[in-house]
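This report concerns only the one structure given below.
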Amino acid sequence: MFSFTVLKENPKSRARTGRLETPHGSIETPAFVPVATKGALRGVDFDTVGLSGGEIFMVNTYHFFQLEREKTVKKFGGLHKFLGIDYPLMTDSGGFQVFSLGFGREHNIGKVTSFIPRKPLTDQESQPELRPDRNLVKITDDGVEFRSLKDGRRLFMDPKISIQAQKDLGADIIFAFDECTSPLADYHYTKESLERTHRWAKQSLEALGRTRKQALFGIVQGGPFQDLREESAQFITSLPFAGFGIGGAMGDSKASMGRVLDWIYPYLPADKPRHLLGLGEVDDILEGVERGMDTFDCVVPTRWARHGVALTDQGRFSLRSARYLTDKTPIDRRCSCPVCSRYSKGYISHLIREKEIFGIMLLTEHNLAWMQNLMKDIRSAINSGQYRSFKDQTLRRWRG
Ligand SMILES: [Zn+2]
């Protein structure tokens, strides 16, 4: 039911194309996985994204679990039935959101610490209703206790519970329960946490049992520390997972993400898919593909759309700015999406400035279509053996 085939490898880099088969269809890789956090894409229909080449989506287990909604979904027969779609789906373990209650919200930081000052955009809709609080999360060797941000209830998650929730949701690709450490965690803490993550990886496999309906991916952790990343890669890839996710803190710059992926690479089995968790800005994807990553999930294209920011070949820009109000040209002349063939920057800028939902819908549709186009270009560059030069050109344009 689940398989992965490498189609083409690039001679000058680790970039590769492949095909991932799932019970709900196949995906061409490298692929971008749009995030439908609570089961929706912010006003845009799954099929609209499907038409632009979107083949697979990620749903966050945490948002269902904290409402016990995975039990409702199970009664419908799983997420595919509940959402009324037939695309391949991924769910994460819920761990990242739980642990980030303890650190991310506290410091308002992401996986790469230098992102903080550069990115004032916040995601109001998925931001916790309560103020950040160290007491929200208590981690033990058994699992993690946390408070629901919806109603303050005490909740508990461990490998067994996370996998059960993901079974109830029924996505095609699911992830092991791991501890995602704070980007500010020191070596000692990260090492201690890694032992937990490795124990939880085995327990996640046991909890899945023998089912072949869902493919379980293990997650390599270890923070920005070389020996811990190598130890984790070696251990996690020795377990019978269907694929591997790279998670956790990647250090203090974009360059350090590349280093982390370079440390891990030698341990990753060539015949299994590799997913970079939660990192999917344009340069992350280009560098990740070069280092042999196959799939990427990220909220950025939809989040930016909500803030009026459009992705284009020349970088990104904000349509909030009044200078676009009189601009009759499309967001991106090269983009073939229905938004760019019909609507002007002026109209969308007007809608965004007036807080019309339709403006966000149009921008979300364009941003997701633009990402899918980028992935198509990446795949054809790999297939024609030109990935390195494609990457350099795209980055030069993107960074202006
Ligand atoms: Zn477009």
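Residues in the structure tokens are named by chain (A, B, ... in the order shown) and by number from 1 within that chain; ligands are numbered from 1 in the order shown.
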
TODO: Excluding Val339 of chain A and any residue of its chain fewer than 4 positions from it, enumerate the residues within 8 Å of it, using only C-alpha atoms, and give them as a list in words.
DONE: Pro330, Tyr343, Leu362, Leu363, Glu365 and His366 of chain A

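Those protein and nucleic acid residues that have any atom within 7 Å of ligand 1 are, using only C-alpha atoms and all ligand atoms, A:Ile331, A:Asp332, A:Cys335, A:Ser336, A:Cys337, A:Pro338, A:Val339, A:Cys340, A:His366, A:Asn367, A:Ala369, A:Trp370.
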
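Across A:Lys167, A:Lys71, A:Lys150, A:Lys160, the tightest approach to Thr91 of chain A is made by A:Lys167 when counting only C-alpha atoms.
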
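Across A:Arg303, A:Arg333, A:Lys213, A:Lys345, the tightest approach to Leu319 of chain A is made by A:Lys345 when counting only C-alpha atoms.
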
Open item on the list: Can you tell me which residues surround Trp263 of chain A at a distance of at most 10 Å, considering only C-alpha atoms, apart from same-chain residues fewer than 4 positions away, and format the answer as a list of chain:residue names?
Closed with: A:Phe225, A:Gln226, A:Asp227, A:Leu228, A:Arg229, A:Glu230, A:Ala233, A:Gly258, A:Arg259, A:Tyr267

Those same residues, written as a PDB file, in the first residue's frame with N, CA, C and O atoms?
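Output (selection.pdb):
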```pdb
ATOM      1  N   PHE A 225      23.638  19.983  17.660  1.00  0.00           N
ATOM      2  CA  PHE A 225      24.886  19.337  18.103  1.00  0.00           C
ATOM      3  C   PHE A 225      25.233  18.144  17.213  1.00  0.00           C
ATOM      4  O   PHE A 225      24.439  17.202  17.084  1.00  0.00           O
ATOM      5  N   GLN A 226      26.436  18.192  16.632  1.00  0.00           N
ATOM      6  CA  GLN A 226      26.807  17.199  15.628  1.00  0.00           C
ATOM      7  C   GLN A 226      26.751  15.762  16.149  1.00  0.00           C
ATOM      8  O   GLN A 226      26.133  14.890  15.527  1.00  0.00           O
ATOM      9  N   ASP A 227      27.384  15.497  17.315  1.00  0.00           N
ATOM     10  CA  ASP A 227      27.412  14.092  17.757  1.00  0.00           C
ATOM     11  C   ASP A 227      26.012  13.583  18.102  1.00  0.00           C
ATOM     12  O   ASP A 227      25.689  12.427  17.854  1.00  0.00           O
ATOM     13  N   LEU A 228      25.146  14.481  18.622  1.00  0.00           N
ATOM     14  CA  LEU A 228      23.784  14.040  18.970  1.00  0.00           C
ATOM     15  C   LEU A 228      22.954  13.799  17.701  1.00  0.00           C
ATOM     16  O   LEU A 228      22.182  12.851  17.630  1.00  0.00           O
ATOM     17  N   ARG A 229      23.128  14.660  16.710  1.00  0.00           N
ATOM     18  CA  ARG A 229      22.428  14.454  15.427  1.00  0.00           C
ATOM     19  C   ARG A 229      22.854  13.128  14.804  1.00  0.00           C
ATOM     20  O   ARG A 229      22.030  12.365  14.292  1.00  0.00           O
ATOM     21  N   GLU A 230      24.161  12.845  14.842  1.00  0.00           N
ATOM     22  CA  GLU A 230      24.660  11.597  14.238  1.00  0.00           C
ATOM     23  C   GLU A 230      24.156  10.384  15.005  1.00  0.00           C
ATOM     24  O   GLU A 230      23.717   9.396  14.416  1.00  0.00           O
ATOM     25  N   ALA A 233      20.474   9.993  14.168  1.00  0.00           N
ATOM     26  CA  ALA A 233      20.266   9.487  12.803  1.00  0.00           C
ATOM     27  C   ALA A 233      20.575   7.999  12.746  1.00  0.00           C
ATOM     28  O   ALA A 233      19.829   7.212  12.151  1.00  0.00           O
ATOM     29  N   GLY A 258      21.700  23.724   6.950  1.00  0.00           N
ATOM     30  CA  GLY A 258      22.432  22.936   5.961  1.00  0.00           C
ATOM     31  C   GLY A 258      23.440  22.008   6.627  1.00  0.00           C
ATOM     32  O   GLY A 258      23.569  20.846   6.258  1.00  0.00           O
ATOM     33  N   ARG A 259      24.119  22.531   7.653  1.00  0.00           N
ATOM     34  CA  ARG A 259      25.118  21.707   8.361  1.00  0.00           C
ATOM     35  C   ARG A 259      24.453  20.515   9.037  1.00  0.00           C
ATOM     36  O   ARG A 259      24.932  19.385   8.928  1.00  0.00           O
ATOM     37  N   TYR A 267      23.575   8.781   7.135  1.00  0.00           N
ATOM     38  CA  TYR A 267      22.862   7.703   7.818  1.00  0.00           C
ATOM     39  C   TYR A 267      21.505   7.384   7.186  1.00  0.00           C
ATOM     40  O   TYR A 267      20.891   6.381   7.500  1.00  0.00           O
TER      41      TYR A 267
END
```

Open item on the list: From a backbone DSSP assignment, name each residue in segment 259-318 of chain A labelled strand (DSSP E), as an NGL selection string.
Closed with: :A and (274-276 or 295-298 or 309-312 or 315-318)

Based on the selection just made, write N, CA and C atoms of those residues as a compact mmCIF listing (two decimals), in the first residue's frame.
```txt
# COMPACT_ATOMS: atom_id res chain seq x y z
N ARG A 274 12.38 11.10 2.91
CA ARG A 274 12.87 11.98 3.99
C ARG A 274 12.05 13.25 4.01
N HIS A 275 11.56 13.59 5.18
CA HIS A 275 10.68 14.75 5.32
C HIS A 275 11.30 15.78 6.26
N LEU A 276 11.38 17.02 5.79
CA LEU A 276 11.89 18.09 6.65
C LEU A 276 10.70 18.74 7.34
N THR A 295 10.32 15.74 1.02
CA THR A 295 9.06 16.45 1.26
C THR A 295 9.24 17.49 2.37
N PHE A 296 8.38 18.53 2.31
CA PHE A 296 8.48 19.68 3.21
C PHE A 296 7.08 20.12 3.58
N ASP A 297 6.83 20.34 4.86
CA ASP A 297 5.54 20.95 5.21
C ASP A 297 5.83 22.29 5.86
N CYS A 298 4.98 23.26 5.60
CA CYS A 298 5.20 24.57 6.20
C CYS A 298 3.92 25.41 6.09
N VAL A 309 0.83 39.05 2.18
CA VAL A 309 2.13 38.91 1.51
C VAL A 309 2.04 37.88 0.38
N ALA A 310 2.54 38.28 -0.80
CA ALA A 310 2.49 37.40 -1.97
C ALA A 310 3.88 36.86 -2.29
N LEU A 311 3.93 35.60 -2.73
CA LEU A 311 5.19 34.99 -3.18
C LEU A 311 5.29 35.17 -4.69
N THR A 312 6.47 35.58 -5.14
CA THR A 312 6.69 35.69 -6.59
C THR A 312 8.11 35.27 -6.91
N GLY A 315 10.85 37.31 -5.30
CA GLY A 315 10.80 37.45 -3.84
C GLY A 315 9.36 37.70 -3.40
N ARG A 316 9.20 38.12 -2.14
CA ARG A 316 7.84 38.34 -1.66
C ARG A 316 7.61 39.83 -1.39
N PHE A 317 6.36 40.23 -1.48
CA PHE A 317 6.05 41.62 -1.20
C PHE A 317 4.66 41.72 -0.59
N SER A 318 4.41 42.84 0.12
CA SER A 318 3.13 42.99 0.80
C SER A 318 2.15 43.82 -0.02
```
